[in-house]
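Data file: query.pdb. Format and content: PDB, C-alpha atoms.
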```pdb
ATOM      1  CA  MET T  25       4.410 124.170 -77.236  1.00  0.00           C
ATOM      2  CA  THR T  26       6.824 126.240 -79.327  1.00  0.00           C
ATOM      3  CA  ALA T  27       5.199 129.666 -79.339  1.00  0.00           C
ATOM      4  CA  ALA T  28       4.684 131.690 -76.185  1.00  0.00           C
ATOM      5  CA  THR T  29       1.084 132.448 -75.385  1.00  0.00           C
ATOM      6  CA  PRO T  30       0.075 135.935 -74.206  1.00  0.00           C
ATOM      7  CA  THR T  31      -0.616 134.637 -70.694  1.00  0.00           C
ATOM      8  CA  ALA T  32       2.610 132.618 -70.406  1.00  0.00           C
ATOM      9  CA  PRO T  33       5.206 134.157 -68.085  1.00  0.00           C
ATOM     10  CA  SER T  34       8.542 135.193 -69.490  1.00  0.00           C
ATOM     11  CA  THR T  35      10.994 132.324 -69.409  1.00  0.00           C
ATOM     12  CA  SER T  36      14.090 134.463 -68.920  1.00  0.00           C
ATOM     13  CA  LEU T  37      14.935 136.346 -65.752  1.00  0.00           C
ATOM     14  CA  ALA T  38      16.681 138.929 -67.935  1.00  0.00           C
ATOM     15  CA  ASP T  39      13.347 139.708 -69.636  1.00  0.00           C
ATOM     16  CA  ASN T  40      11.537 140.372 -66.358  1.00  0.00           C
ATOM     17  CA  PRO T  41       9.354 143.473 -66.893  1.00  0.00           C
ATOM     18  CA  PHE T  42      10.559 145.093 -63.674  1.00  0.00           C
ATOM     19  CA  PHE T  43      14.179 144.842 -64.818  1.00  0.00           C
ATOM     20  CA  VAL T  44      13.368 146.012 -68.350  1.00  0.00           C
ATOM     21  CA  LEU T  45      11.615 149.110 -67.010  1.00  0.00           C
ATOM     22  CA  GLY T  46      14.042 149.615 -64.131  1.00  0.00           C
ATOM     23  CA  ILE T  47      11.280 150.014 -61.543  1.00  0.00           C
ATOM     24  CA  ALA T  48      10.570 148.593 -58.106  1.00  0.00           C
ATOM     25  CA  THR T  49       8.175 145.688 -57.690  1.00  0.00           C
ATOM     26  CA  ASP T  50       5.808 147.868 -55.665  1.00  0.00           C
ATOM     27  CA  ALA T  51       5.463 150.491 -58.425  1.00  0.00           C
ATOM     28  CA  SER T  52       1.918 151.646 -59.085  1.00  0.00           C
ATOM     29  CA  ARG T  53       0.234 151.341 -62.462  1.00  0.00           C
ATOM     30  CA  ILE T  54       0.757 155.072 -63.081  1.00  0.00           C
ATOM     31  CA  GLU T  55       4.483 154.778 -62.282  1.00  0.00           C
ATOM     32  CA  VAL T  56       4.784 151.849 -64.695  1.00  0.00           C
ATOM     33  CA  GLU T  57       3.132 153.815 -67.512  1.00  0.00           C
ATOM     34  CA  ARG T  58       5.174 156.949 -66.766  1.00  0.00           C
ATOM     35  CA  GLU T  59       8.483 155.065 -66.769  1.00  0.00           C
ATOM     36  CA  ALA T  60       7.581 153.262 -69.992  1.00  0.00           C
ATOM     37  CA  GLN T  61       6.748 156.537 -71.745  1.00  0.00           C
ATOM     38  CA  LYS T  62       9.984 158.094 -70.485  1.00  0.00           C
ATOM     39  CA  LEU T  63      12.052 155.128 -71.680  1.00  0.00           C
ATOM     40  CA  LEU T  64      10.343 155.032 -75.075  1.00  0.00           C
ATOM     41  CA  GLY T  65      11.096 158.732 -75.549  1.00  0.00           C
ATOM     42  CA  MET T  66      14.717 158.271 -74.480  1.00  0.00           C
ATOM     43  CA  LEU T  67      15.148 155.296 -76.805  1.00  0.00           C
ATOM     44  CA  GLU T  68      13.623 157.261 -79.682  1.00  0.00           C
ATOM     45  CA  LEU T  69      16.121 160.072 -79.067  1.00  0.00           C
ATOM     46  CA  GLY T  70      19.015 157.618 -78.799  1.00  0.00           C
ATOM     47  CA  PHE T  71      20.013 158.279 -75.166  1.00  0.00           C
ATOM     48  CA  ALA T  72      22.761 155.877 -74.104  1.00  0.00           C
ATOM     49  CA  ASP T  73      21.387 155.638 -70.539  1.00  0.00           C
ATOM     50  CA  ALA T  74      18.173 154.085 -71.821  1.00  0.00           C
ATOM     51  CA  ALA T  75      19.823 151.565 -74.146  1.00  0.00           C
ATOM     52  CA  ILE T  76      21.021 149.158 -71.429  1.00  0.00           C
ATOM     53  CA  TYR T  77      19.429 147.812 -68.249  1.00  0.00           C
ATOM     54  CA  ALA T  78      20.874 145.761 -65.391  1.00  0.00           C
ATOM     55  CA  THR T  79      19.706 142.226 -64.613  1.00  0.00           C
ATOM     56  CA  PRO T  80      20.982 139.471 -62.307  1.00  0.00           C
ATOM     57  CA  LEU T  81      22.427 137.881 -65.451  1.00  0.00           C
ATOM     58  CA  GLY T  82      24.353 141.007 -66.449  1.00  0.00           C
ATOM     59  CA  PRO T  83      23.565 144.068 -68.574  1.00  0.00           C
ATOM     60  CA  ARG T  84      21.087 143.658 -71.441  1.00  0.00           C
ATOM     61  CA  ALA T  85      20.095 145.824 -74.390  1.00  0.00           C
ATOM     62  CA  ARG T  86      16.755 147.599 -73.996  1.00  0.00           C
ATOM     63  CA  THR T  87      14.546 148.011 -77.070  1.00  0.00           C
ATOM     64  CA  ALA T  88      11.273 149.829 -77.644  1.00  0.00           C
ATOM     65  CA  GLU T  89       9.599 146.473 -78.321  1.00  0.00           C
ATOM     66  CA  GLY T  90      10.917 145.120 -75.030  1.00  0.00           C
ATOM     67  CA  VAL T  91       9.572 148.144 -73.145  1.00  0.00           C
ATOM     68  CA  ARG T  92       6.154 147.756 -74.767  1.00  0.00           C
ATOM     69  CA  ALA T  93       6.115 144.032 -73.961  1.00  0.00           C
ATOM     70  CA  ALA T  94       7.082 144.758 -70.341  1.00  0.00           C
ATOM     71  CA  VAL T  95       4.232 147.244 -69.929  1.00  0.00           C
ATOM     72  CA  ALA T  96       1.789 144.790 -71.492  1.00  0.00           C
ATOM     73  CA  ALA T  97       2.946 142.093 -69.060  1.00  0.00           C
ATOM     74  CA  LEU T  98       2.499 144.393 -66.066  1.00  0.00           C
ATOM     75  CA  ARG T  99      -1.023 145.347 -67.150  1.00  0.00           C
ATOM     76  CA  ASP T 100      -2.108 141.712 -66.782  1.00  0.00           C
ATOM     77  CA  PRO T 101      -2.558 140.948 -63.041  1.00  0.00           C
ATOM     78  CA  GLN T 102      -1.504 137.294 -63.316  1.00  0.00           C
ATOM     79  CA  ARG T 103       1.624 138.017 -65.369  1.00  0.00           C
ATOM     80  CA  ARG T 104       2.497 140.917 -63.048  1.00  0.00           C
ATOM     81  CA  LEU T 105       2.273 138.635 -60.005  1.00  0.00           C
ATOM     82  CA  VAL T 106       4.614 136.082 -61.558  1.00  0.00           C
ATOM     83  CA  ALA T 107       7.076 138.788 -62.654  1.00  0.00           C
ATOM     84  CA  GLU T 108       6.901 140.412 -59.221  1.00  0.00           C
ATOM     85  CA  LEU T 109       7.671 137.141 -57.448  1.00  0.00           C
ATOM     86  CA  TRP T 110      10.663 136.454 -59.695  1.00  0.00           C
ATOM     87  CA  ALA T 111      11.967 140.031 -59.380  1.00  0.00           C
ATOM     88  CA  ARG T 112      11.584 140.118 -55.581  1.00  0.00           C
ATOM     89  CA  HIS T 113      13.559 136.916 -55.095  1.00  0.00           C
ATOM     90  CA  ALA T 114      16.166 137.412 -57.803  1.00  0.00           C
ATOM     91  CA  PRO T 115      19.799 138.031 -56.888  1.00  0.00           C
ATOM     92  CA  PRO T 116      20.911 141.664 -57.082  1.00  0.00           C
ATOM     93  CA  PRO T 117      21.509 142.995 -60.608  1.00  0.00           C
ATOM     94  CA  ARG T 118      25.025 142.654 -61.949  1.00  0.00           C
ATOM     95  CA  HIS T 119      26.443 145.742 -63.567  1.00  0.00           C
ATOM     96  CA  ALA T 120      29.232 145.789 -66.085  1.00  0.00           C
ATOM     97  CA  ALA T 121      32.470 145.179 -64.242  1.00  0.00           C
ATOM     98  CA  ALA T 122      34.687 148.226 -64.100  1.00  0.00           C
ATOM     99  CA  PRO T 123      38.290 147.588 -65.059  1.00  0.00           C
ATOM    100  CA  PRO T 124      40.526 147.279 -61.984  1.00  0.00           C
ATOM    101  CA  ARG T 125      42.216 150.524 -61.096  1.00  0.00           C
ATOM    102  CA  GLU T 126      45.931 150.744 -60.575  1.00  0.00           C
ATOM    103  CA  PRO T 127      46.740 152.294 -57.180  1.00  0.00           C
ATOM    104  CA  GLY T 128      48.192 155.762 -57.379  1.00  0.00           C
ATOM    105  CA  PRO T 129      51.701 156.697 -56.212  1.00  0.00           C
ATOM    106  CA  ALA T 130      50.443 157.987 -52.836  1.00  0.00           C
ATOM    107  CA  VAL T 131      48.717 154.680 -52.113  1.00  0.00           C
ATOM    108  CA  ARG T 132      51.787 152.685 -53.133  1.00  0.00           C
ATOM    109  CA  ALA T 133      54.048 154.779 -50.895  1.00  0.00           C
ATOM    110  CA  GLY T 134      51.658 154.333 -47.962  1.00  0.00           C
ATOM    111  CA  LEU T 135      51.571 150.564 -48.488  1.00  0.00           C
ATOM    112  CA  ARG T 136      55.334 150.341 -48.682  1.00  0.00           C
ATOM    113  CA  ARG T 137      55.669 152.343 -45.460  1.00  0.00           C
ATOM    114  CA  ALA T 138      53.038 150.169 -43.737  1.00  0.00           C
ATOM    115  CA  LEU T 139      54.990 147.049 -44.728  1.00  0.00           C
ATOM    116  CA  GLY T 140      58.249 148.454 -43.369  1.00  0.00           C
ATOM    117  CA  TRP T 141      59.890 149.461 -46.639  1.00  0.00           C
ATOM    118  CA  ARG T 142      62.043 152.534 -46.665  1.00  0.00           C
ATOM    119  CA  PRO T 143      62.347 154.895 -49.631  1.00  0.00           C
TER     120      PRO T 143
END
```

Could you express the structure from this file as structure tokens?
Amino acid sequence: MTAATPTAPSTSLADNPFFVLGIATDASRIEVEREAQKLLGMLELGFADAAIYATPLGPRARTAEGVRAAVAALRDPQRRLVAELWARHAPPPRHAAAPPREPGPAVRAGLRRALGWRP
């Protein structure tokens, strides 16, 4: 079986419809549709906030096709159940790691004093 059938669940946790849309697993059908329309509009206008979504596997690029596919998956009760189970039991989403910050001079002085160093 090389091609995915319309009823086959997504094979990648990163493509889970709940992660693609950025909604909770208990979202109603109206909330799903509303979020999809909002994201499609934001993607059309080129908003940077809509271009990336967080998954347990790290940040992923969001596309209009991906949003449409996510909504289609959540409209099907069987596919929604499978996606909901995977999303509920997935590890927390990983966000892009922020570069480590260098402690400021006040923090360094406080650490030196706490360790017994004198200026």

> Near stretch 35-41 of chain T, counting all atoms listed in the file, which residues have an atom at most 12 Å away, once you skip same-chain residues fewer than 3 positions from it, shown as a PyMOL selection string?
Replying inline: chain T and resi 27-29+31-32+44-49+51+56+59-60+76-87+89-100+103-118

> How many Å separate atom CA of T:Glu55 from atom CA of T:Pro101?
Replying inline: 15.5 Å

>> Here is a test: counting only C-alpha atoms, which residue of T:Arg53, T:Ala88, T:Gln102, T:Arg142 is nearest to T:Leu69?
In response: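 Of T:Arg53, T:Ala88, T:Gln102, T:Arg142, the one nearest T:Leu69 is T:Ala88, counting only C-alpha atoms.
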
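Relative to atom CA of T:Phe71, atom CA of T:Ile54 is found at 23.0 Å.
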